[in-house]
>>> print(open('entry10.txt').read())   # compact mmCIF, C-alpha atoms
# COMPACT_ATOMS: atom_id res chain seq x y z
CA MET A 26 -7.31 -19.47 -22.99
CA ASN A 27 -9.88 -17.26 -24.67
CA GLY A 28 -8.24 -14.50 -26.70
CA LEU A 29 -11.25 -12.19 -26.79
CA ASN A 30 -11.53 -12.18 -23.01
CA PHE A 31 -7.78 -11.59 -22.67
CA VAL A 32 -7.74 -8.70 -25.16
CA ARG A 33 -10.91 -7.10 -23.83
CA THR A 34 -9.66 -7.21 -20.23
CA ARG A 35 -6.24 -5.79 -21.14
CA CYS A 36 -7.93 -3.00 -23.07
CA ASN A 37 -10.15 -2.16 -20.05
CA ILE A 38 -13.40 -2.65 -21.94
CA SER A 39 -16.31 -4.22 -20.05
CA VAL A 40 -18.68 -6.77 -21.55
CA SER A 41 -21.43 -4.13 -21.62
CA GLU A 42 -19.20 -1.58 -23.32
CA LEU A 43 -18.07 -4.04 -25.97
CA ALA A 44 -21.66 -5.14 -26.58
CA ASP A 45 -22.61 -1.50 -27.25
CA ILE A 46 -19.61 -1.00 -29.54
CA LEU A 47 -20.46 -4.08 -31.64
CA GLY A 48 -24.23 -3.70 -31.44
CA VAL A 49 -24.76 -7.15 -29.89
CA SER A 50 -26.06 -8.44 -26.57
CA ARG A 51 -23.94 -9.08 -23.49
CA GLN A 52 -25.05 -12.70 -23.67
CA ALA A 53 -23.41 -12.98 -27.11
CA ILE A 54 -20.09 -11.69 -25.73
CA ASN A 55 -20.28 -14.13 -22.81
CA LEU A 56 -20.95 -17.06 -25.17
CA TRP A 57 -17.94 -16.10 -27.34
CA GLU A 58 -15.61 -15.76 -24.34
CA LYS A 59 -16.74 -19.07 -22.82
CA GLY A 60 -16.19 -20.81 -26.14
CA LYS A 61 -19.82 -21.89 -26.39
CA LYS A 62 -20.34 -20.06 -29.67
CA PRO A 63 -17.77 -19.12 -32.35
CA VAL A 64 -17.22 -15.48 -33.27
CA SER A 65 -18.42 -14.84 -36.82
CA GLU A 66 -16.04 -13.46 -39.44
CA GLU A 67 -18.09 -10.24 -39.54
CA ARG A 68 -17.71 -9.73 -35.79
CA LYS A 69 -14.01 -10.62 -35.93
CA SER A 70 -13.55 -7.86 -38.51
CA GLN A 71 -15.24 -5.40 -36.14
CA LEU A 72 -13.06 -6.56 -33.25
CA THR A 73 -9.92 -6.24 -35.36
CA GLU A 74 -10.89 -2.72 -36.39
CA TYR A 75 -11.58 -1.67 -32.81
CA PHE A 76 -8.76 -3.37 -30.86
CA GLY A 77 -6.08 -3.33 -33.56
CA VAL A 78 -5.11 -7.02 -33.49
CA GLU A 79 -5.58 -9.76 -36.07
CA LYS A 80 -8.68 -11.97 -36.23
CA GLU A 81 -6.77 -15.03 -35.03
CA TYR A 82 -6.60 -13.58 -31.51
CA PHE A 83 -10.36 -13.65 -30.89
CA GLY A 84 -10.76 -17.40 -30.46
CA GLU A 85 -8.73 -19.76 -28.28
CA ILE A 86 -5.08 -18.67 -28.21
CA THR A 87 -1.85 -20.48 -27.32
CA GLU A 88 0.73 -19.40 -24.74
CA LYS A 89 2.92 -18.21 -27.63
CA GLN A 90 0.12 -15.99 -28.95
CA LYS A 91 -0.51 -14.68 -25.46
CA GLN A 92 3.19 -13.80 -25.14
CA ILE A 93 3.01 -11.90 -28.44
CA LEU A 94 0.12 -9.83 -27.07
CA LEU A 95 2.02 -9.18 -23.83
CA GLU A 96 5.03 -7.88 -25.78
CA LYS A 97 3.01 -5.86 -28.27
CA ALA A 98 2.79 -2.09 -27.67
CA MET A 99 -0.53 -0.68 -26.51
CA PHE A 100 -1.81 2.89 -26.49
CA ARG A 101 -3.66 4.61 -23.67
CA CYS A 102 -6.79 6.47 -24.71
CA ILE A 103 -8.94 8.72 -22.52
CA GLU A 104 -12.41 9.87 -23.47
CA GLY A 105 -14.08 11.84 -20.70
CA ASP A 106 -13.80 9.74 -17.54
CA LYS A 107 -13.14 6.53 -19.44
CA GLU A 108 -9.61 5.19 -19.80
CA TYR A 109 -9.05 2.33 -22.21
CA TYR A 110 -6.26 0.79 -24.29
CA THR A 111 -5.90 -0.40 -27.87
CA TYR A 112 -3.22 -2.01 -30.02
CA LYS A 113 -3.48 0.83 -32.51
CA ALA A 114 -2.51 4.44 -31.97
CA CYS A 115 -5.26 6.67 -30.63
CA PRO A 116 -5.41 10.49 -30.89
CA PRO A 117 -2.86 12.41 -28.76
CA ASP A 118 -3.99 13.71 -25.37
CA ALA A 119 -4.65 17.37 -24.51
CA ASP A 120 -0.88 17.98 -24.22
CA GLY A 121 -0.24 16.45 -27.64
CA ARG A 122 1.34 13.30 -26.19
CA THR A 123 0.79 9.66 -27.06
CA MET A 124 1.20 7.21 -24.19
CA ILE A 125 2.61 3.82 -25.18
CA CYS A 126 1.98 1.15 -22.54
CA PHE A 127 2.95 -2.44 -21.80
CA PRO A 128 0.44 -3.64 -19.18
CA GLY A 129 1.42 -6.67 -17.15
CA ASP A 130 -0.19 -10.09 -17.31
CA LYS A 131 -3.24 -9.47 -15.11
CA GLU A 132 -6.58 -11.21 -14.92
CA THR A 133 -8.46 -8.04 -14.01
CA SER A 134 -9.01 -4.82 -15.95
CA VAL A 135 -7.88 -1.35 -14.93
CA ASP A 136 -11.43 -0.44 -13.86
CA GLU A 137 -11.73 -3.63 -11.79
CA ASP A 138 -8.37 -2.89 -10.15
CA TYR A 139 -9.55 0.62 -9.34
CA LEU A 140 -12.73 -0.65 -7.66
CA GLN A 141 -10.67 -3.15 -5.65
CA MET A 142 -8.28 -0.40 -4.55
CA GLN A 143 -11.17 1.82 -3.49
CA ARG A 144 -12.47 -0.99 -1.29
CA HIS A 145 -8.94 -1.56 0.00
CA MET A 146 -8.57 2.15 0.81
CA LYS A 147 -11.88 2.15 2.71
CA ASN A 148 -10.78 -0.85 4.78
CA THR A 149 -7.35 0.68 5.40
CA LEU A 150 -8.81 3.98 6.63
CA GLU A 151 -11.27 2.18 8.90
CA LYS A 152 -8.45 0.08 10.34
CA ALA A 153 -6.25 3.16 10.82
CA SER A 154 -9.06 4.92 12.69
CA GLU A 155 -9.34 1.90 14.98
CA ILE A 156 -5.61 1.43 15.55
CA ILE A 157 -4.80 5.10 16.06
CA ARG A 158 -6.77 5.13 19.32
CA TYR A 159 -5.09 2.06 20.78
CA TYR A 160 -7.56 2.11 23.68
CA ASP A 161 -6.99 -1.45 24.83
CA ARG A 162 -3.52 -0.50 26.08
CA GLY A 163 -4.59 2.20 28.49
CA LYS A 164 -7.47 2.98 30.83
CA GLY A 165 -8.88 6.41 31.55
CA THR A 166 -9.42 9.55 29.53
CA GLU A 167 -5.83 10.79 29.87
CA ALA A 168 -4.48 7.49 28.54
CA LYS A 169 -6.87 7.67 25.60
CA SER A 170 -5.70 11.19 24.78
CA ILE A 171 -2.07 10.10 24.90
CA ASN A 172 -2.77 7.13 22.65
CA ILE A 173 -4.55 9.29 20.07
CA ARG A 174 -1.75 11.88 20.21
CA ARG A 175 0.88 9.21 19.54
CA GLY A 176 -1.09 7.68 16.71
CA CYS A 177 -1.77 11.06 15.11
CA ARG A 178 1.90 11.98 15.34
CA ILE A 179 2.83 8.98 13.19
CA TYR A 180 0.00 9.38 10.67
CA ASP A 181 0.41 13.18 10.50
CA GLY A 182 4.09 12.74 9.66
CA ILE A 183 3.35 10.30 6.87
CA ASN A 184 0.57 12.54 5.57
CA GLN A 185 2.88 15.55 5.54
CA ILE A 186 5.45 13.71 3.41
CA MET A 187 2.77 12.25 1.11
CA ASP A 188 1.26 15.73 0.70
CA GLU A 189 4.64 17.03 -0.43
CA MET A 190 4.87 14.53 -3.31
CA PRO A 191 2.66 16.31 -5.89
CA LYS A 192 4.56 19.57 -5.29
CA GLN A 193 7.78 18.04 -6.61
CA GLU A 194 8.99 17.64 -10.16
CA THR A 195 7.60 14.51 -11.80
CA LEU A 196 10.71 12.34 -11.39
CA ASN A 197 11.15 13.32 -7.73
CA ARG A 198 7.59 12.52 -6.66
CA MET A 199 8.11 8.79 -6.49
CA LEU A 200 11.29 9.23 -4.44
CA TYR A 201 9.12 10.49 -1.58
CA PHE A 202 6.85 7.49 -1.82
CA HIS A 203 9.68 4.97 -2.04
CA GLU A 204 11.55 6.44 0.92
CA ILE A 205 8.46 6.19 3.15
CA ASP A 206 7.69 2.74 1.80
CA SER A 207 11.27 1.55 2.33
CA ILE A 208 11.36 2.72 5.96
CA ILE A 209 8.01 1.13 6.80
CA GLN A 210 8.96 -2.16 5.18
CA ALA A 211 12.34 -2.09 6.94
CA ILE A 212 10.57 -1.72 10.31
CA LEU A 213 8.24 -4.61 9.46
CA LEU A 214 11.20 -6.72 8.37
CA SER A 215 13.22 -5.92 11.50
CA GLN A 216 10.33 -7.12 13.67
CA ASP A 217 9.85 -10.29 11.57
CA LEU A 218 6.35 -9.15 10.57
CA ILE A 219 7.34 -9.77 6.95
CA THR A 220 10.13 -11.77 5.34
CA LYS A 221 12.73 -10.56 2.86
CA GLU A 222 10.74 -12.33 0.15
CA ASP A 223 7.67 -10.26 1.10
CA VAL A 224 9.43 -6.95 0.48
CA GLN A 225 7.71 -5.15 -2.39
CA THR A 226 9.13 -2.67 -4.87
CA GLU A 227 6.10 -1.75 -6.94
CA GLU A 228 7.80 0.23 -9.68
CA GLU A 229 10.61 -2.22 -10.42
CA HIS A 230 8.94 -3.29 -13.67
CA MET A 231 9.24 0.31 -14.89
CA MET A 232 12.47 1.63 -13.39
CA SER A 233 15.15 -0.65 -11.97
CA CYS A 234 16.46 2.18 -9.77
CA TYR A 235 13.42 1.67 -7.55
CA ASP A 236 14.41 -1.87 -6.56
CA ASN A 237 15.20 -1.06 -2.92
CA ARG A 238 15.32 -4.60 -1.49
CA GLU A 239 18.96 -4.41 -0.35
CA TRP A 240 18.46 -0.91 1.04
CA ILE A 241 15.40 -2.10 2.97
CA SER A 242 17.33 -5.09 4.32
CA SER A 243 20.17 -2.78 5.43
CA LEU A 244 17.71 -0.48 7.19
CA ALA A 245 16.08 -3.46 8.87
CA ARG A 246 19.45 -4.56 10.30
CA ILE A 247 20.08 -1.06 11.65
CA PHE A 248 16.62 -0.90 13.26
CA ARG A 249 16.99 -4.38 14.77
CA GLU A 250 20.44 -3.65 16.24
CA HIS A 251 19.26 -0.29 17.60
CA TRP A 252 16.15 -1.71 19.26
CA GLU A 253 17.97 -4.72 20.67
CA GLY A 254 20.46 -2.29 22.22
CA GLN A 255 17.66 -0.14 23.62
CA LYS A 256 15.92 -3.14 25.15
CA SER A 257 19.18 -4.33 26.67
CA GLU A 258 19.78 -0.94 28.28
CA LEU A 259 16.28 -0.82 29.70
CA ASN A 260 16.65 -4.30 31.14
CA GLN A 261 19.96 -3.34 32.77
CA GLU A 262 18.40 -0.21 34.30
CA THR A 263 15.48 -2.21 35.63
CA LYS A 264 17.79 -4.77 37.27
CA GLY A 265 20.16 -2.16 38.65
CA GLY A 266 18.75 -0.86 41.89
CA THR A 267 15.27 0.41 41.04
CA LYS A 268 13.08 -0.47 44.03
CA LYS A 269 10.06 -2.55 43.08
CA PHE A 270 6.82 -2.82 44.95
CA SER A 271 4.56 -5.85 44.80
CA ASP A 272 1.01 -5.12 43.67
CA ASP A 273 -0.38 -7.72 46.09
CA SER A 274 1.49 -6.49 49.20
CA ASP A 275 -0.37 -4.96 52.13
CA GLU A 276 -0.52 -1.20 51.54
CA THR A 277 0.29 0.21 54.97
CA PRO A 278 0.68 4.00 55.39
CA GLU A 279 4.46 3.50 55.47
CA ASP A 280 4.41 1.62 52.15
CA LEU A 281 2.24 4.29 50.55
CA THR A 282 4.59 7.04 51.75
CA GLU A 283 7.51 5.20 50.16
CA ARG A 284 5.59 4.79 46.95
CA ILE A 285 4.72 8.48 46.77
CA ALA A 286 8.32 9.51 47.47
CA TYR A 287 9.57 7.14 44.78
CA ALA A 288 7.04 8.42 42.23
CA GLU A 289 7.97 12.06 42.95
CA SER A 290 11.67 11.30 42.54
CA GLN A 291 10.97 9.55 39.25
CA ASN A 292 8.96 12.56 38.06
CA ARG A 293 11.85 14.91 38.86
CA GLU A 294 14.33 12.70 37.01
CA ILE A 295 12.09 12.49 33.95
CA ARG A 296 11.33 16.21 33.78
CA ASN A 297 14.90 17.31 34.50
CA GLY A 298 16.39 14.83 32.04
CA ASN A 299 16.41 14.75 28.25
CA SER A 300 13.20 12.79 27.84
CA GLY A 301 11.41 15.40 25.74
CA ILE A 302 8.51 15.54 28.23
CA LYS A 303 6.63 18.84 28.02
CA LYS A 304 5.67 20.74 31.16
CA ASP A 305 1.95 20.40 30.49
CA GLU A 306 2.05 16.63 29.95
CA THR A 307 0.81 14.17 32.54
CA ILE A 308 3.20 11.44 33.64
CA GLY A 309 1.82 8.20 35.04
CA ILE A 310 4.16 6.14 37.22
CA PHE A 311 3.10 2.73 38.51
CA CYS A 312 5.02 1.72 41.61
>>> encode(input="entry10.txt", output="C-alpha cells")
Amino acid sequence: MNGLNFVRTRCNISVSELADILGVSRQAINLWEKGKKPVSEERKSQLTEYFGVEKEYFGEITEKQKQILLEKAMFRCIEGDKEYYTYKACPPDADGRTMICFPGDKETSVDEDYLQMQRHMKNTLEKASEIIRYYDRGKGTEAKSINIRRGCRIYDGINQIMDEMPKQETLNRMLYFHEIDSIIQAILLSQDLITKEDVQTEEEHMMSCYDNREWISSLARIFREHWEGQKSELNQETKGGTKKFSDDSDETPEDLTERIAYAESQNREIRNGNSGIKKDETIGIFC
C-alpha cells in the first residue's frame, strides 16, 4: 500500500492542503500516491518535517511498516476550525493540554468521516420525521394526532436524556449515551431485528467498561419474556368470552344496538381501570 496516502489520511490532511503545504500541484500528490511517480528526496524531507515520520514511509510500505504506524503515538492539533494529526508533538491547546491519539485503521480521514456523518444525520432526521407520524396505521385526523403524540413521546424522552449528557461531569456523560444505546439495542435484539453479533459498543476500543454486550443480551431476554407474557395474556382475554361481531354480517338495528352497548361497556372498563387513559382522550373501539 502507498505510505504517503496512508499517513496523509490518518493525519486528516487533504490532497489540496498537502499540495499547499509543499508548494506543489494536486496532480503531483496524486501521482505520488498512485505510484506513478516517485517522491523526490527533497519532497520526502519536507514530508518528514511536516508529518514527523521517516522518509521510508512515503513510498510503498509493508504490512509490518503499516503496523508500526498504527502503534505509533499521534498528536491532535487544532488551528482555527481545522483539526489534524501529526507524529510529532504540536503546541498545547488553549487549556495547556496535549492530546495523544491512536486512531484506528480507517480508509477515510476525520473530515471525510464528519461529512459522511452529516449526511447520515440528515437521512436519520428525515426518516424519523416520516416514521413519527405513522399515518399508514390509522385513518382520520384523530388517529394521526394519536400517532404523532406516541412518536413524539418516544423521541422527546430520548432527547431529554441526550440533552442531559453535556450537563454531567465528563466521565458520566457517556454513561447516559450507553444506557440509551443499550436499551435500544436490547429491544432490537429481543425482536430479532439484529443479532448478537450486530450489537455495537462504540467506545470499547477506548474503555473496556463500555463493552455492554452481555448486559444488552440480558436486557433482550427480559424484554422478550415480558412481551411474550403480555401477548399470551392478551390472547387469553380475547378467547375468553369477549363477544365478536363479523364485519360482513347484516347490520340490523338489533345488531347495531348490541354493538353500541358493547362499545359503551368497553369504554367504562377502560376509563375506570388502570389503563392510564386521560379524560380528554378519544377512545376508538371497533366491534
>>> atom_distance(input="entry10.txt", atom1="CA of Tyr159 (chain A)", atom2="CA of Ile173 (chain A)")
7.3 Å
>>> atom_distance(input="entry10.txt", atom1="CA of Val49 (chain A)", atom2="CA of Asn27 (chain A)")
18.7 Å
>>> residues_around(input="entry10.txt", residues="Ile183 (chain A)", least_positions_apart="3", cutoff="12 Å", atoms="all atoms listed in the file", output="list in words")
Gly176, Cys177, Arg178, Ile179, Tyr180, Ile186, Met187, Asp188, Glu189, Met190, Tyr201, Phe202, Glu204, Ile205, Asp206, Ile208 and Ile209 of chain A
>>> axis_aligned_box(input="entry10.txt", around="region 184-197 of chain A", padding_each_side="3 Å", output="JSON")
{"center_x": 5.9, "center_y": 15.9, "center_z": -3.1, "size_x": 16.6, "size_y": 13.3, "size_z": 23.4}
>>> closest_atom_pairs(input="entry10.txt", of="region 63-129 of chain A", to="region 42-46 of chain A", cutoff="10 Å", atoms="all atoms listed in the file", output="tab-separated table")
residue	atom	partner	partner_atom	distance
A:Gln71	CA	A:Ile46	CA	9.1
A:Leu72	CA	A:Leu43	CA	9.2
A:Tyr75	CA	A:Ile46	CA	8.7
>>> atom_distance(input="entry10.txt", atom1="CA of Leu56 (chain A)", atom2="CA of Asn37 (chain A)")
19.1 Å
>>> residues_around(input="entry10.txt", residues="region 104-108 of chain A", least_positions_apart="2", cutoff="12 Å", atoms="all atoms listed in the file", output="list of chain:residue names")
A:Arg35, A:Cys36, A:Asn37, A:Ile38, A:Ser39, A:Glu42, A:Phe100, A:Arg101, A:Cys102, A:Tyr110, A:Thr111, A:Cys115, A:Pro116, A:Pro117, A:Asp118, A:Ala119, A:Met124, A:Ser134, A:Val135, A:Asp136, A:Tyr139
>>> write_last_selection(input="entry10.txt", atoms="C-alpha atoms", output="PDB file, in the frame of the given file")
ATOM      1  CA  ARG A  35      -6.240  -5.790 -21.140  1.00  0.00           C
ATOM      2  CA  CYS A  36      -7.930  -3.000 -23.070  1.00  0.00           C
ATOM      3  CA  ASN A  37     -10.150  -2.160 -20.050  1.00  0.00           C
ATOM      4  CA  ILE A  38     -13.400  -2.650 -21.940  1.00  0.00           C
ATOM      5  CA  SER A  39     -16.310  -4.220 -20.050  1.00  0.00           C
ATOM      6  CA  GLU A  42     -19.200  -1.580 -23.320  1.00  0.00           C
ATOM      7  CA  PHE A 100      -1.810   2.890 -26.490  1.00  0.00           C
ATOM      8  CA  ARG A 101      -3.660   4.610 -23.670  1.00  0.00           C
ATOM      9  CA  CYS A 102      -6.790   6.470 -24.710  1.00  0.00           C
ATOM     10  CA  TYR A 110      -6.260   0.790 -24.290  1.00  0.00           C
ATOM     11  CA  THR A 111      -5.900  -0.400 -27.870  1.00  0.00           C
ATOM     12  CA  CYS A 115      -5.260   6.670 -30.630  1.00  0.00           C
ATOM     13  CA  PRO A 116      -5.410  10.490 -30.890  1.00  0.00           C
ATOM     14  CA  PRO A 117      -2.860  12.410 -28.760  1.00  0.00           C
ATOM     15  CA  ASP A 118      -3.990  13.710 -25.370  1.00  0.00           C
ATOM     16  CA  ALA A 119      -4.650  17.370 -24.510  1.00  0.00           C
ATOM     17  CA  MET A 124       1.200   7.210 -24.190  1.00  0.00           C
ATOM     18  CA  SER A 134      -9.010  -4.820 -15.950  1.00  0.00           C
ATOM     19  CA  VAL A 135      -7.880  -1.350 -14.930  1.00  0.00           C
ATOM     20  CA  ASP A 136     -11.430  -0.440 -13.860  1.00  0.00           C
ATOM     21  CA  TYR A 139      -9.550   0.620  -9.340  1.00  0.00           C
TER      22      TYR A 139
END
>>> closest_residue(input="entry10.txt", among="A:Ser70, A:Asn184, A:Gln255, A:Gln92", to="Gly129 (chain A)", atoms="all atoms listed in the file")
A:Gln92
>>> closest_residue(input="entry10.txt", among="A:Val40, A:Gly28, A:Asp138, A:Met146", to="Lys89 (chain A)", atoms="only C-alpha atoms")
A:Gly28
>>> closest_residue(input="entry10.txt", among="A:Gln216, A:Thr87, A:Ser207, A:Ser50", to="Glu239 (chain A)", atoms="only C-alpha atoms")
A:Ser207
>>> closest_residue(input="entry10.txt", among="A:Phe83, A:Phe127, A:Trp57, A:Phe248", to="Phe31 (chain A)", atoms="all atoms listed in the file")
A:Phe83
